[in-house]
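Asker: As input, take model_39.cif (mmCIF, C-alpha atoms and all ligand atoms):
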data_protein
loop_
_atom_site.label_atom_id
_atom_site.label_comp_id
_atom_site.auth_asym_id
_atom_site.auth_seq_id
_atom_site.Cartn_x
_atom_site.Cartn_y
_atom_site.Cartn_z
CA MET A 21 13.19 -0.23 -39.21
CA THR A 22 13.22 3.08 -37.43
CA SER A 23 11.08 2.13 -34.44
CA ASN A 24 9.76 -0.86 -32.52
CA GLY A 25 6.21 0.42 -32.89
CA LEU A 26 5.58 0.69 -29.15
CA SER A 27 3.69 3.60 -27.63
CA ARG A 28 5.63 6.05 -25.45
CA LEU A 29 4.28 4.22 -22.40
CA GLY A 30 5.29 0.88 -23.94
CA GLN A 31 8.80 2.20 -24.39
CA ARG A 32 9.02 3.85 -20.98
CA ILE A 33 7.71 0.96 -18.91
CA GLN A 34 10.30 -0.96 -16.89
CA ALA A 35 10.16 -4.49 -15.48
CA PRO A 36 8.60 -4.30 -12.01
CA PRO A 37 11.27 -5.28 -9.44
CA ILE A 38 8.62 -7.32 -7.63
CA SER A 39 8.42 -9.90 -10.48
CA TRP A 40 12.14 -10.42 -10.31
CA LEU A 41 12.06 -10.91 -6.54
CA MET A 42 9.12 -13.31 -6.81
CA LYS A 43 10.82 -15.36 -9.51
CA MET A 44 13.89 -15.57 -7.35
CA ALA A 45 11.84 -17.05 -4.51
CA LEU A 46 9.98 -19.52 -6.74
CA GLY A 47 13.11 -20.97 -8.32
CA ARG A 48 14.77 -21.86 -4.97
CA PRO A 49 12.67 -23.92 -2.59
CA GLN A 50 15.33 -23.78 0.13
CA LEU A 51 15.28 -19.96 0.10
CA ILE A 52 13.53 -18.21 2.97
CA SER A 53 11.87 -15.16 1.49
CA LEU A 54 11.37 -12.29 3.89
CA ALA A 55 10.65 -10.20 0.79
CA ALA A 56 7.15 -11.07 -0.37
CA GLY A 57 4.35 -8.74 0.71
CA PHE A 58 1.93 -11.69 0.57
CA THR A 59 -0.50 -12.47 3.35
CA ASP A 60 -0.28 -15.50 5.66
CA ASN A 61 -1.04 -18.62 3.62
CA GLU A 62 -2.17 -20.81 6.49
CA THR A 63 -4.89 -18.46 7.65
CA LEU A 64 -6.41 -17.79 4.22
CA PRO A 65 -10.15 -18.45 4.68
CA VAL A 66 -10.59 -21.58 2.57
CA GLU A 67 -13.43 -23.12 4.61
CA GLU A 68 -15.26 -19.83 4.91
CA THR A 69 -14.94 -19.09 1.19
CA ARG A 70 -16.20 -22.56 0.27
CA ALA A 71 -19.26 -22.03 2.48
CA ILE A 72 -19.77 -18.51 1.10
CA LEU A 73 -19.67 -19.69 -2.52
CA GLU A 74 -22.09 -22.48 -1.67
CA GLU A 75 -24.45 -19.88 -0.22
CA VAL A 76 -24.03 -17.45 -3.13
CA LEU A 77 -24.58 -20.15 -5.74
CA GLY A 78 -26.71 -22.63 -3.77
CA ALA A 79 -30.36 -23.53 -4.22
CA GLY A 80 -32.66 -20.69 -3.28
CA SER A 81 -30.02 -18.01 -3.96
CA ASN A 82 -29.78 -15.86 -7.02
CA GLY A 83 -26.71 -17.64 -8.40
CA GLN A 84 -27.35 -16.49 -11.96
CA ALA A 85 -27.03 -12.85 -10.93
CA ALA A 86 -23.66 -13.55 -9.33
CA LEU A 87 -22.44 -15.19 -12.54
CA GLN A 88 -23.64 -12.34 -14.74
CA TYR A 89 -21.78 -9.08 -15.47
CA GLY A 90 -22.31 -6.51 -12.77
CA THR A 91 -22.11 -2.73 -13.00
CA THR A 92 -19.06 -0.57 -13.58
CA LEU A 93 -19.12 1.15 -10.18
CA GLY A 94 -19.69 -2.07 -8.25
CA ASP A 95 -22.39 -4.05 -6.46
CA SER A 96 -24.74 -1.67 -4.68
CA GLU A 97 -24.91 -3.73 -1.48
CA LEU A 98 -21.13 -4.01 -1.26
CA ARG A 99 -20.83 -0.27 -1.80
CA GLU A 100 -23.35 0.36 0.97
CA LEU A 101 -21.82 -2.07 3.46
CA THR A 102 -18.33 -0.72 2.81
CA ALA A 103 -19.34 2.94 3.08
CA LYS A 104 -21.26 2.29 6.31
CA GLU A 105 -18.37 0.42 7.92
CA LEU A 106 -15.93 3.17 6.98
CA HIS A 107 -18.22 5.85 8.37
CA GLU A 108 -18.56 3.99 11.66
CA ARG A 109 -14.83 3.46 11.98
CA ASP A 110 -14.04 7.10 11.27
CA GLY A 111 -16.74 8.22 13.72
CA ALA A 112 -20.48 8.11 13.15
CA ALA A 113 -20.68 11.83 14.02
CA ASN A 114 -18.75 12.72 10.86
CA GLU A 115 -20.46 14.32 7.90
CA ALA A 116 -22.55 11.50 6.34
CA SER A 117 -22.36 12.79 2.76
CA VAL A 118 -18.61 12.11 2.71
CA TYR A 119 -19.35 8.40 3.27
CA SER A 120 -22.17 8.15 0.78
CA PRO A 121 -22.16 4.89 -1.23
CA GLU A 122 -22.54 7.20 -4.26
CA ARG A 123 -18.92 8.22 -3.72
CA LEU A 124 -17.66 4.69 -3.28
CA LEU A 125 -16.23 2.73 -6.21
CA ILE A 126 -15.44 -1.00 -6.15
CA THR A 127 -12.22 -1.90 -7.96
CA ASN A 128 -10.16 -4.90 -8.92
CA GLY A 129 -7.84 -4.64 -5.92
CA SER A 130 -6.77 -1.25 -4.67
CA GLN A 131 -3.95 -1.43 -7.19
CA GLN A 132 -6.41 -0.82 -10.03
CA LEU A 133 -7.65 2.33 -8.34
CA LEU A 134 -4.11 3.64 -7.83
CA TYR A 135 -3.40 3.03 -11.49
CA MET A 136 -6.62 4.69 -12.64
CA LEU A 137 -5.91 7.71 -10.43
CA SER A 138 -2.58 8.22 -12.12
CA GLU A 139 -4.37 8.04 -15.48
CA ALA A 140 -7.10 10.44 -14.39
CA LEU A 141 -4.73 13.04 -12.94
CA CYS A 142 -1.30 12.80 -14.52
CA ASP A 143 0.10 13.70 -17.91
CA PRO A 144 3.77 13.00 -18.69
CA GLY A 145 5.86 15.57 -16.82
CA ASP A 146 3.30 16.04 -14.05
CA ILE A 147 4.56 15.68 -10.49
CA VAL A 148 3.42 13.36 -7.72
CA ILE A 149 4.76 13.72 -4.18
CA VAL A 150 5.22 10.49 -2.26
CA GLU A 151 6.57 9.41 1.08
CA ASP A 152 10.27 8.66 1.00
CA PRO A 153 10.33 5.58 1.07
CA THR A 154 7.02 4.32 -0.28
CA TYR A 155 5.09 1.41 -1.87
CA PHE A 156 7.31 0.48 -4.81
CA VAL A 157 4.71 -1.07 -7.12
CA PHE A 158 2.91 2.26 -7.40
CA LEU A 159 6.22 3.94 -8.22
CA GLY A 160 6.39 1.70 -11.30
CA ALA A 161 2.90 2.73 -12.43
CA LEU A 162 3.77 6.42 -12.01
CA GLN A 163 7.06 6.01 -13.85
CA SER A 164 5.32 4.32 -16.79
CA HIS A 165 3.03 7.34 -17.13
CA GLY A 166 6.05 9.61 -17.42
CA THR A 167 5.27 11.18 -14.06
CA GLU A 168 8.01 12.92 -12.11
CA ILE A 169 8.24 12.06 -8.46
CA ARG A 170 9.42 13.95 -5.39
CA GLY A 171 9.95 12.15 -2.10
CA VAL A 172 9.31 13.69 1.31
CA ALA A 173 10.79 12.02 4.40
CA LEU A 174 8.74 10.42 7.16
CA ASP A 175 9.04 10.75 10.90
CA THR A 176 7.14 8.70 13.48
CA GLU A 177 3.91 10.68 12.86
CA GLY A 178 3.96 10.46 9.08
CA ILE A 179 5.13 12.73 6.28
CA ASP A 180 7.41 15.58 7.39
CA LEU A 181 5.48 18.81 6.86
CA GLU A 182 8.51 21.11 7.06
CA GLN A 183 10.22 19.18 4.31
CA MET A 184 6.94 19.12 2.38
CA ARG A 185 6.83 22.91 2.57
CA SER A 186 10.37 23.28 1.31
CA VAL A 187 9.71 20.87 -1.58
CA LEU A 188 6.61 22.89 -2.51
CA ASP A 189 8.55 26.17 -2.22
CA GLN A 190 11.26 24.81 -4.48
CA LEU A 191 8.67 23.67 -7.02
CA ALA A 192 7.05 27.10 -6.83
CA ASN A 193 10.43 28.76 -7.46
CA ASP A 194 10.96 26.55 -10.47
CA GLY A 195 7.49 27.40 -11.79
CA LEU A 196 6.45 23.76 -11.43
CA LEU A 197 3.54 24.00 -8.96
CA PRO A 198 0.92 23.72 -11.74
CA ARG A 199 2.37 20.29 -12.48
CA VAL A 200 1.84 18.97 -8.92
CA LYS A 201 -1.24 16.74 -8.98
CA MET A 202 -1.30 14.60 -5.87
CA VAL A 203 0.39 13.60 -2.65
CA VAL A 204 0.27 9.90 -1.82
CA LEU A 205 0.30 8.63 1.77
CA VAL A 206 0.31 4.96 2.72
CA SER A 207 -1.21 6.00 5.98
CA TYR A 208 -1.58 2.84 8.10
CA TYR A 209 1.40 0.59 8.96
CA GLN A 210 3.09 1.89 5.90
CA ASN A 211 4.61 -0.34 3.30
CA PRO A 212 7.62 -0.39 3.83
CA THR A 213 8.33 1.39 7.15
CA GLY A 214 5.34 0.37 9.31
CA ILE A 215 4.66 4.04 10.22
CA THR A 216 1.07 5.21 10.75
CA THR A 217 0.20 8.81 9.92
CA SER A 218 -1.49 10.66 12.79
CA LEU A 219 -4.76 12.50 12.19
CA GLU A 220 -3.06 15.80 13.08
CA ARG A 221 -0.47 15.20 10.39
CA LYS A 222 -3.15 14.49 7.79
CA ALA A 223 -4.93 17.71 8.78
CA GLY A 224 -1.66 19.67 8.63
CA LEU A 225 -0.92 18.31 5.17
CA LEU A 226 -4.35 19.23 3.81
CA ARG A 227 -4.01 22.76 5.24
CA LEU A 228 -0.54 23.13 3.77
CA LEU A 229 -1.56 22.00 0.30
CA ARG A 230 -4.45 24.42 0.43
CA GLU A 231 -1.95 27.31 0.70
CA TYR A 232 -0.27 26.25 -2.55
CA GLU A 233 -3.39 25.54 -4.56
CA PRO A 234 -3.89 29.12 -5.82
CA SER A 235 -0.43 29.02 -7.46
CA ALA A 236 -1.02 25.47 -8.72
CA GLY A 237 -4.27 26.65 -10.28
CA HIS A 238 -6.07 23.39 -9.48
CA PRO A 239 -6.78 21.04 -6.58
CA ILE A 240 -3.85 19.08 -5.18
CA TYR A 241 -5.33 15.76 -4.06
CA VAL A 242 -4.26 13.66 -1.11
CA VAL A 243 -4.44 9.95 -1.88
CA GLU A 244 -4.75 8.06 1.38
CA ASP A 245 -3.76 4.46 0.63
CA ALA A 246 -5.17 2.68 3.69
CA VAL A 247 -4.82 -0.94 2.58
CA TYR A 248 -3.23 -2.12 5.83
CA ARG A 249 -5.75 -0.40 8.11
CA ASP A 250 -7.52 -3.62 9.11
CA LEU A 251 -4.26 -5.38 9.95
CA CYS A 252 -3.77 -3.59 13.26
CA PHE A 253 -2.65 -5.62 16.22
CA ALA A 254 -1.48 -3.06 18.78
CA GLY A 255 -2.87 0.36 19.65
CA GLY A 256 -6.15 1.75 18.42
CA ASP A 257 -7.44 2.84 15.03
CA THR A 258 -6.82 6.35 13.66
CA PRO A 259 -9.58 8.10 11.70
CA SER A 260 -8.89 8.53 8.01
CA ALA A 261 -8.45 11.92 6.34
CA LEU A 262 -12.10 11.64 5.27
CA ALA A 263 -12.96 12.40 8.88
CA LEU A 264 -11.43 15.86 8.27
CA SER A 265 -13.71 16.51 5.36
CA VAL A 266 -15.09 19.79 6.53
CA PRO A 267 -15.93 22.10 3.62
CA GLU A 268 -12.47 23.56 3.06
CA VAL A 269 -10.81 20.17 2.67
CA SER A 270 -13.61 18.02 1.33
CA GLU A 271 -13.22 17.16 -2.34
CA ARG A 272 -9.48 16.79 -1.81
CA VAL A 273 -9.19 13.37 -0.18
CA ILE A 274 -9.16 10.10 -2.09
CA TYR A 275 -9.42 7.12 0.24
CA VAL A 276 -8.08 3.80 -1.07
CA GLY A 277 -9.07 0.55 0.69
CA THR A 278 -9.10 -3.19 0.04
CA TYR A 279 -10.54 -6.53 1.09
CA SER A 280 -7.50 -8.18 -0.38
CA LYS A 281 -5.13 -7.90 2.56
CA PRO A 282 -7.62 -8.45 5.41
CA PHE A 283 -9.64 -11.28 3.81
CA ALA A 284 -8.06 -13.02 0.81
CA THR A 285 -5.46 -11.65 -1.53
CA GLY A 286 -6.82 -14.04 -4.18
CA ILE A 287 -10.26 -12.38 -4.00
CA ARG A 288 -8.70 -9.02 -4.75
CA VAL A 289 -11.66 -6.72 -4.29
CA GLY A 290 -10.66 -3.15 -3.51
CA TYR A 291 -12.52 0.12 -3.17
CA GLY A 292 -12.14 3.85 -3.01
CA VAL A 293 -13.99 6.92 -1.79
CA LEU A 294 -13.55 9.70 -4.31
CA PRO A 295 -14.51 13.34 -4.75
CA GLU A 296 -17.42 13.76 -7.14
CA LEU A 297 -15.44 14.83 -10.19
CA LEU A 298 -12.96 11.97 -9.85
CA MET A 299 -15.76 9.49 -9.19
CA THR A 300 -17.12 10.40 -12.61
CA VAL A 301 -13.80 10.35 -14.44
CA VAL A 302 -12.34 7.26 -12.76
CA GLY A 303 -15.71 5.52 -13.27
CA ARG A 304 -15.36 6.24 -17.01
CA ILE A 305 -11.80 4.91 -17.05
CA LYS A 306 -12.99 1.76 -15.29
CA GLY A 307 -15.78 1.52 -17.85
CA ASN A 308 -13.16 1.43 -20.58
CA GLN A 309 -10.87 -0.93 -18.68
CA ASP A 310 -13.20 -3.69 -17.48
CA PHE A 311 -16.71 -2.21 -16.93
CA GLY A 312 -16.86 -3.76 -13.48
CA THR A 313 -14.97 -5.88 -10.98
CA ALA A 314 -15.76 -9.63 -11.11
CA ASN A 315 -19.33 -9.92 -9.85
CA LEU A 316 -18.91 -13.32 -8.21
CA LEU A 317 -16.06 -12.02 -6.07
CA GLN A 318 -18.10 -9.00 -5.03
CA GLN A 319 -21.01 -11.25 -4.06
CA ALA A 320 -18.60 -13.39 -2.07
CA MET A 321 -17.46 -10.30 -0.15
CA VAL A 322 -21.04 -9.21 0.50
CA GLN A 323 -21.80 -12.63 1.94
CA ALA A 324 -18.59 -12.65 4.01
CA ILE A 325 -19.54 -9.30 5.55
CA ARG A 326 -23.25 -10.03 5.98
CA THR A 327 -22.65 -13.31 7.77
CA GLY A 328 -19.99 -11.93 10.13
CA ARG A 329 -17.33 -14.21 8.65
CA TYR A 330 -15.31 -11.23 7.48
CA ALA A 331 -15.21 -9.69 10.97
CA SER A 332 -14.22 -12.95 12.66
CA HIS A 333 -11.55 -13.59 10.06
CA VAL A 334 -10.05 -10.16 10.66
CA THR A 335 -9.96 -10.81 14.41
CA ARG A 336 -8.18 -14.10 13.81
CA ILE A 337 -5.54 -12.74 11.46
CA ARG A 338 -4.76 -9.79 13.73
CA GLN A 339 -3.81 -12.27 16.43
CA ARG A 340 -1.80 -14.26 13.91
CA TYR A 341 0.16 -11.25 12.63
CA ALA A 342 0.77 -10.07 16.18
CA GLU A 343 2.43 -13.42 16.91
CA LYS A 344 4.44 -13.44 13.71
CA ALA A 345 5.62 -9.87 14.26
CA GLU A 346 6.64 -10.80 17.79
CA THR A 347 8.63 -13.81 16.52
CA MET A 348 10.40 -11.66 13.96
CA CYS A 349 11.22 -8.91 16.43
CA ARG A 350 12.50 -11.36 19.04
CA ALA A 351 14.76 -12.94 16.41
CA ILE A 352 16.02 -9.53 15.25
CA ARG A 353 16.85 -8.58 18.82
CA GLU A 354 18.80 -11.79 19.19
CA HIS A 355 20.61 -11.98 15.84
CA PHE A 356 21.02 -8.50 14.32
CA PRO A 357 23.95 -6.23 15.22
CA SER A 358 22.75 -3.65 17.70
CA GLU A 359 23.63 -0.66 15.45
CA ILE A 360 20.76 -1.57 13.14
CA GLU A 361 17.71 0.61 13.75
CA TRP A 362 14.25 -0.90 13.55
CA ARG A 363 10.89 -0.64 15.28
CA HIS A 364 8.35 -3.19 16.49
CA PRO A 365 5.34 -2.71 14.14
CA ARG A 366 1.83 -2.16 15.48
CA GLY A 367 0.15 -3.59 12.39
CA GLY A 368 0.69 -4.45 8.74
CA LEU A 369 3.22 -6.95 7.43
CA TYR A 370 6.62 -5.26 7.64
CA VAL A 371 9.68 -4.41 9.68
CA TRP A 372 11.98 -1.77 8.22
CA ALA A 373 15.65 -2.08 9.18
CA ARG A 374 18.15 0.75 8.78
CA LEU A 375 21.83 -0.18 8.63
CA PRO A 376 24.72 2.27 9.00
CA GLU A 377 25.01 4.33 5.78
CA ALA A 378 28.34 2.74 4.93
CA VAL A 379 26.72 -0.70 4.49
CA PRO A 380 24.87 -0.87 1.14
CA THR A 381 21.93 -3.30 0.89
CA GLY A 382 20.95 -2.76 -2.77
CA LEU A 383 20.42 -5.31 -5.54
CA ASP A 384 24.05 -4.86 -6.64
CA SER A 385 25.50 -4.95 -3.15
CA GLU A 386 27.75 -7.68 -1.79
CA LEU A 387 25.45 -7.99 1.19
CA PHE A 388 22.39 -8.76 -0.96
CA GLN A 389 24.39 -11.39 -2.87
CA ALA A 390 25.74 -12.92 0.35
CA ALA A 391 22.21 -13.12 1.78
CA LEU A 392 21.06 -14.89 -1.41
CA ASP A 393 24.02 -17.28 -1.23
CA ASP A 394 22.86 -18.11 2.30
CA ASP A 395 19.28 -18.58 1.03
CA VAL A 396 17.58 -15.60 2.55
CA LEU A 397 15.88 -12.81 0.59
CA TYR A 398 14.86 -9.30 1.65
CA VAL A 399 13.59 -6.28 -0.27
CA PRO A 400 16.47 -3.84 -0.74
CA GLY A 401 15.39 -0.48 0.66
CA GLU A 402 16.55 1.33 -2.50
CA LEU A 403 13.59 -0.18 -4.41
CA CYS A 404 11.20 1.74 -2.18
CA TYR A 405 12.67 5.12 -3.11
CA ALA A 406 11.46 7.06 -6.11
CA GLU A 407 13.76 8.36 -8.85
CA ASP A 408 13.81 11.86 -7.38
CA PRO A 409 16.33 14.11 -9.18
CA THR A 410 16.70 16.31 -6.09
CA ARG A 411 18.30 13.74 -3.79
CA ALA A 412 20.54 10.65 -3.89
CA LYS A 413 18.72 7.38 -3.30
CA PRO A 414 19.41 5.89 0.14
CA ASN A 415 20.87 2.42 -0.15
CA HIS A 416 21.35 1.08 3.39
CA GLU A 417 17.94 -0.21 4.40
CA MET A 418 15.85 -3.35 4.00
CA ARG A 419 12.19 -4.33 4.18
CA LEU A 420 11.45 -7.57 6.00
CA SER A 421 8.01 -9.12 5.82
CA PHE A 422 6.53 -11.57 8.31
CA GLY A 423 3.34 -11.94 6.24
CA ALA A 424 3.82 -14.96 4.02
CA VAL A 425 6.78 -16.72 5.61
CA PRO A 426 5.67 -19.59 7.89
CA GLN A 427 6.06 -18.92 11.60
CA GLU A 428 8.83 -21.54 12.04
CA GLN A 429 10.89 -20.06 9.18
CA ILE A 430 10.85 -16.51 10.51
CA GLN A 431 13.34 -17.33 13.25
CA ALA A 432 15.60 -19.28 10.84
CA GLY A 433 15.42 -16.56 8.16
CA ILE A 434 16.35 -13.78 10.57
CA GLU A 435 19.15 -15.89 12.03
CA ARG A 436 20.60 -16.46 8.54
CA LEU A 437 20.32 -12.78 7.71
CA GLY A 438 21.76 -11.81 11.10
CA ASN A 439 24.84 -13.96 10.42
CA VAL A 440 25.34 -12.26 7.05
CA LEU A 441 24.92 -8.82 8.62
CA ARG A 442 27.47 -9.59 11.32
CA ARG A 443 30.00 -10.65 8.68
CA PHE A 444 29.57 -7.31 6.92
CA MET A 445 29.38 -5.08 9.95
CA ASP A 446 31.88 -6.54 12.42
C1 LIG A 501 0.55 0.07 0.00
C2 LIG A 501 -0.19 -0.84 -0.91
N1 LIG A 501 -1.21 -0.35 -1.64
C3 LIG A 501 -1.92 -1.13 -2.48
C4 LIG A 501 -1.62 -2.47 -2.63
C5 LIG A 501 -2.44 -3.30 -3.61
O1 LIG A 501 -3.24 -4.24 -2.95
P1 LIG A 501 -4.53 -4.90 -3.62
O2 LIG A 501 -4.55 -4.50 -5.05
O3 LIG A 501 -4.40 -6.35 -3.42
O4 LIG A 501 -5.71 -4.31 -2.89
C6 LIG A 501 -0.56 -3.03 -1.90
C7 LIG A 501 -0.19 -4.44 -2.07
O5 LIG A 501 0.81 -4.91 -1.58
C8 LIG A 501 0.16 -2.20 -1.01
O6 LIG A 501 1.19 -2.66 -0.28
#
Please render this file's structure as structure tokens.
Ligand SMILES: Cc1ncc(COP(=O)(O)O)c(C=O)c1O
Answerer:
Amino acid sequence: MTSNGLSRLGQRIQAPPISWLMKMALGRPQLISLAAGFTDNETLPVEETRAILEEVLGAGSNGQAALQYGTTLGDSELRELTAKELHERDGAANEASVYSPERLLITNGSQQLLYMLSEALCDPGDIVIVEDPTYFVFLGALQSHGTEIRGVALDTEGIDLEQMRSVLDQLANDGLLPRVKMVVLVSYYQNPTGITTSLERKAGLLRLLREYEPSAGHPIYVVEDAVYRDLCFAGGDTPSALALSVPEVSERVIYVGTYSKPFATGIRVGYGVLPELLMTVVGRIKGNQDFGTANLLQQAMVQAIRTGRYASHVTRIRQRYAEKAETMCRAIREHFPSEIEWRHPRGGLYVWARLPEAVPTGLDSELFQAALDDDVLYVPGELCYAEDPTRAKPNHEMRLSFGAVPQEQIQAGIERLGNVLRRFMD
């Protein structure tokens, strides 16, 4: 036989590193996993969801409708409630048309939207610019589409605009600007670094991209992946890039949100606000993929929001994550060598730790193996970096999550890891 019969995508696709890490954790009950990006198990809203489902399906409700197919773009009430909440958070004075429910699409987790965006915008050989490091599951989706990726470093305010300019200049020199389709920001409590992008930085990025659009010959979209926005526990909220949607930048921002992280990861309802053209095209892709997110789950979210249970749950988990982050940071202070750089997060689920460059943390490193031998797992930083041909992949960082690991194991996990780190660094 001359071929295995797979499509190009089927041949290109690689095993997602996340499955490997998850399998590792499942097979070893004594292992403390600081790797999983899961939410806190103990606070998942079991009681609330039971009551919600009883209300959605109970006598006097329209249970049949909830158990029937819905529409491709999503339940109209959920679209309205979500758009209204987003508008209020960004500032009620902002242009209302940007937050119209007509522009809001309900998806099966935000992950589905990210995937559909790569299908709607990218052909093999097209270029996506991401933060360096970034959310590694999306890197897998982009890679499977044959997309090329360029990483741009982050500072404390978000993506570095000077480096962004030099990457764009280099692409222009190489005649590759027409292949640049989108820039992806994980803009709140970024996965993996915990950094939040300031509004000024989002505005600067949109202005900068605008300068390059004439040579690109098409819009260069900014995807604002805001899935951790609700998980803030210190400092205030920052408006999204939609709040900048004055005429010259409107139709360039794609906002990606979710109810998965702030309510229940098992409910997995996500959403996006899209420019008109993409709303049409991504809506068609969704029509082909599943013609609508599970209706029952959407009805459950409507009921959670309507009854105030969603808001009180979010308040509760913010407090919970604040405590867990504090426990992790206290343990790091106590057990990690002082040369390791890290920052106390203000939201989200992660602490990003940077070791001296001479100490590799990757999957093949002795340190990763020693941590596993001592029953503690972290996400090697290298997994969060794209295959970018213009730079070597950093290999001396780690992502630590306080999301899923029970409070009492955080201290023990960090202590184990700290002991391993001291062995390697002393
Ligand atoms: C940055 C980021 N975006 C999107 C997602 C997908 O989340 P969901 O599909 O559950 O909404 C995740 C999940 O970990 C994430 O970390």
Asker: Which neighbours of Asn415 in chain A fall inside 10 Å, counting only C-alpha atoms, when residues of the same chain fewer than 4 positions from it are skipped, and could you give them as a ChimeraX atom specification?
Answerer: /A:374-383,385,400-405
Asker: Would you tabulate, counting all atoms listed in the file, all residues of chain A that have an atom at most 7 Å from an atom of ligand LIG 501 (chain A), showing the closest pair of atoms and their distance in Å to one decimal, sorted by chain then ascending number, as JSON lines?
Answerer:
{"residue": "A:Gly57", "atom": "CA", "partner": "A:LIG501", "partner_atom": "O5", "distance": 5.7}
{"residue": "A:Asn128", "atom": "CA", "partner": "A:LIG501", "partner_atom": "O2", "distance": 6.8}
{"residue": "A:Gly129", "atom": "CA", "partner": "A:LIG501", "partner_atom": "O2", "distance": 3.4}
{"residue": "A:Ser130", "atom": "CA", "partner": "A:LIG501", "partner_atom": "O4", "distance": 3.7}
{"residue": "A:Gln131", "atom": "CA", "partner": "A:LIG501", "partner_atom": "O2", "distance": 3.8}
{"residue": "A:Gln132", "atom": "CA", "partner": "A:LIG501", "partner_atom": "O2", "distance": 6.5}
{"residue": "A:Tyr155", "atom": "CA", "partner": "A:LIG501", "partner_atom": "C1", "distance": 5.1}
{"residue": "A:Val206", "atom": "CA", "partner": "A:LIG501", "partner_atom": "C1", "distance": 5.6}
{"residue": "A:Gln210", "atom": "CA", "partner": "A:LIG501", "partner_atom": "C1", "distance": 6.7}
{"residue": "A:Asn211", "atom": "CA", "partner": "A:LIG501", "partner_atom": "C1", "distance": 5.2}
{"residue": "A:Asp245", "atom": "CA", "partner": "A:LIG501", "partner_atom": "N1", "distance": 5.9}
{"residue": "A:Val247", "atom": "CA", "partner": "A:LIG501", "partner_atom": "N1", "distance": 5.6}
{"residue": "A:Gly277", "atom": "CA", "partner": "A:LIG501", "partner_atom": "O4", "distance": 6.9}
{"residue": "A:Thr278", "atom": "CA", "partner": "A:LIG501", "partner_atom": "O4", "distance": 4.6}
{"residue": "A:Tyr279", "atom": "CA", "partner": "A:LIG501", "partner_atom": "O4", "distance": 6.6}
{"residue": "A:Ser280", "atom": "CA", "partner": "A:LIG501", "partner_atom": "O3", "distance": 4.7}
{"residue": "A:Lys281", "atom": "CA", "partner": "A:LIG501", "partner_atom": "O3", "distance": 6.2}
{"residue": "A:Thr285", "atom": "CA", "partner": "A:LIG501", "partner_atom": "O3", "distance": 5.7}
{"residue": "A:Arg288", "atom": "CA", "partner": "A:LIG501", "partner_atom": "O3", "distance": 5.2}
{"residue": "A:Val289", "atom": "CA", "partner": "A:LIG501", "partner_atom": "O4", "distance": 6.6}
{"residue": "A:Gly290", "atom": "CA", "partner": "A:LIG501", "partner_atom": "O4", "distance": 5.1}
Asker: What's the separation between CA of Leu125 in chain A and CA of Phe158 in chain A, in Å to one decimal place?
Answerer: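 Interatomic distance, CA of Leu125 in chain A to CA of Phe158 in chain A: 19.2 Å.
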Asker: Looking at only C-alpha atoms, which of A:Met202, A:Leu73, A:Cys252, A:Val293 is the one that sits closest to Leu225 in chain A?
Answerer: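 Looking only at the distances to Leu225 in chain A, the closest residue turns out to be A:Met202.
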Asker: Rounded to one decimal place, report the CA of Leu181 in chain A-CA of Tyr209 in chain A distance in Å.
Answerer: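 Separation of CA of Leu181 in chain A and CA of Tyr209 in chain A: 18.8 Å.
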Asker: Rounded to one decimal place, report the CA of Glu75 in chain A-CA of Arg249 in chain A distance in Å.
Answerer: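 Separation between CA of Glu75 in chain A and CA of Arg249 in chain A: 28.3 Å.
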Asker: Between A:Asn439, A:Gln318, A:Gln339, A:Asn193, single out the one closest to Leu87 in chain A, counting all atoms listed in the file.
Answerer: A:Gln318
Asker: For a quick check of understanding, using all atoms listed in the file, which of A:Thr176, A:Leu77, A:Leu29, A:Ser53 has the smallest distance to Ile430 in chain A?
Answerer: A:Ser53
Asker: Which protein, DNA or RNA residues have an atom at most 9 Å from (5.0, -8.1, 17.2), counting all atoms listed in the file? List them as JSON, numbers by chain.
Answerer: {"A": [253, 254, 341, 342, 343, 344, 345, 346, 347, 348, 349, 350, 364, 365, 366, 367]}
Asker: Considering all atoms listed in the file, return as a VMD selection string whatever protein or nucleic-acid residues lie within 8 Å of Ile179 in chain A, sequence-local ones (same chain, fewer than 5 positions apart) excluded.
Answerer: chain A and resid 151 172 to 174 184 205 217 221
Asker: Keeping C-alpha atoms for every residue in the selection just given, could you write it to a file as an mmCIF file, in the coordinates of the input?
Answerer:
data_model
loop_
_atom_site.group_PDB
_atom_site.id
_atom_site.type_symbol
_atom_site.label_atom_id
_atom_site.label_comp_id
_atom_site.auth_asym_id
_atom_site.auth_seq_id
_atom_site.Cartn_x
_atom_site.Cartn_y
_atom_site.Cartn_z
ATOM 1 C CA GLU A 151 6.570 9.410 1.080
ATOM 2 C CA VAL A 172 9.310 13.690 1.310
ATOM 3 C CA ALA A 173 10.790 12.020 4.400
ATOM 4 C CA LEU A 174 8.740 10.420 7.160
ATOM 5 C CA MET A 184 6.940 19.120 2.380
ATOM 6 C CA LEU A 205 0.300 8.630 1.770
ATOM 7 C CA THR A 217 0.200 8.810 9.920
ATOM 8 C CA ARG A 221 -0.470 15.200 10.390
#
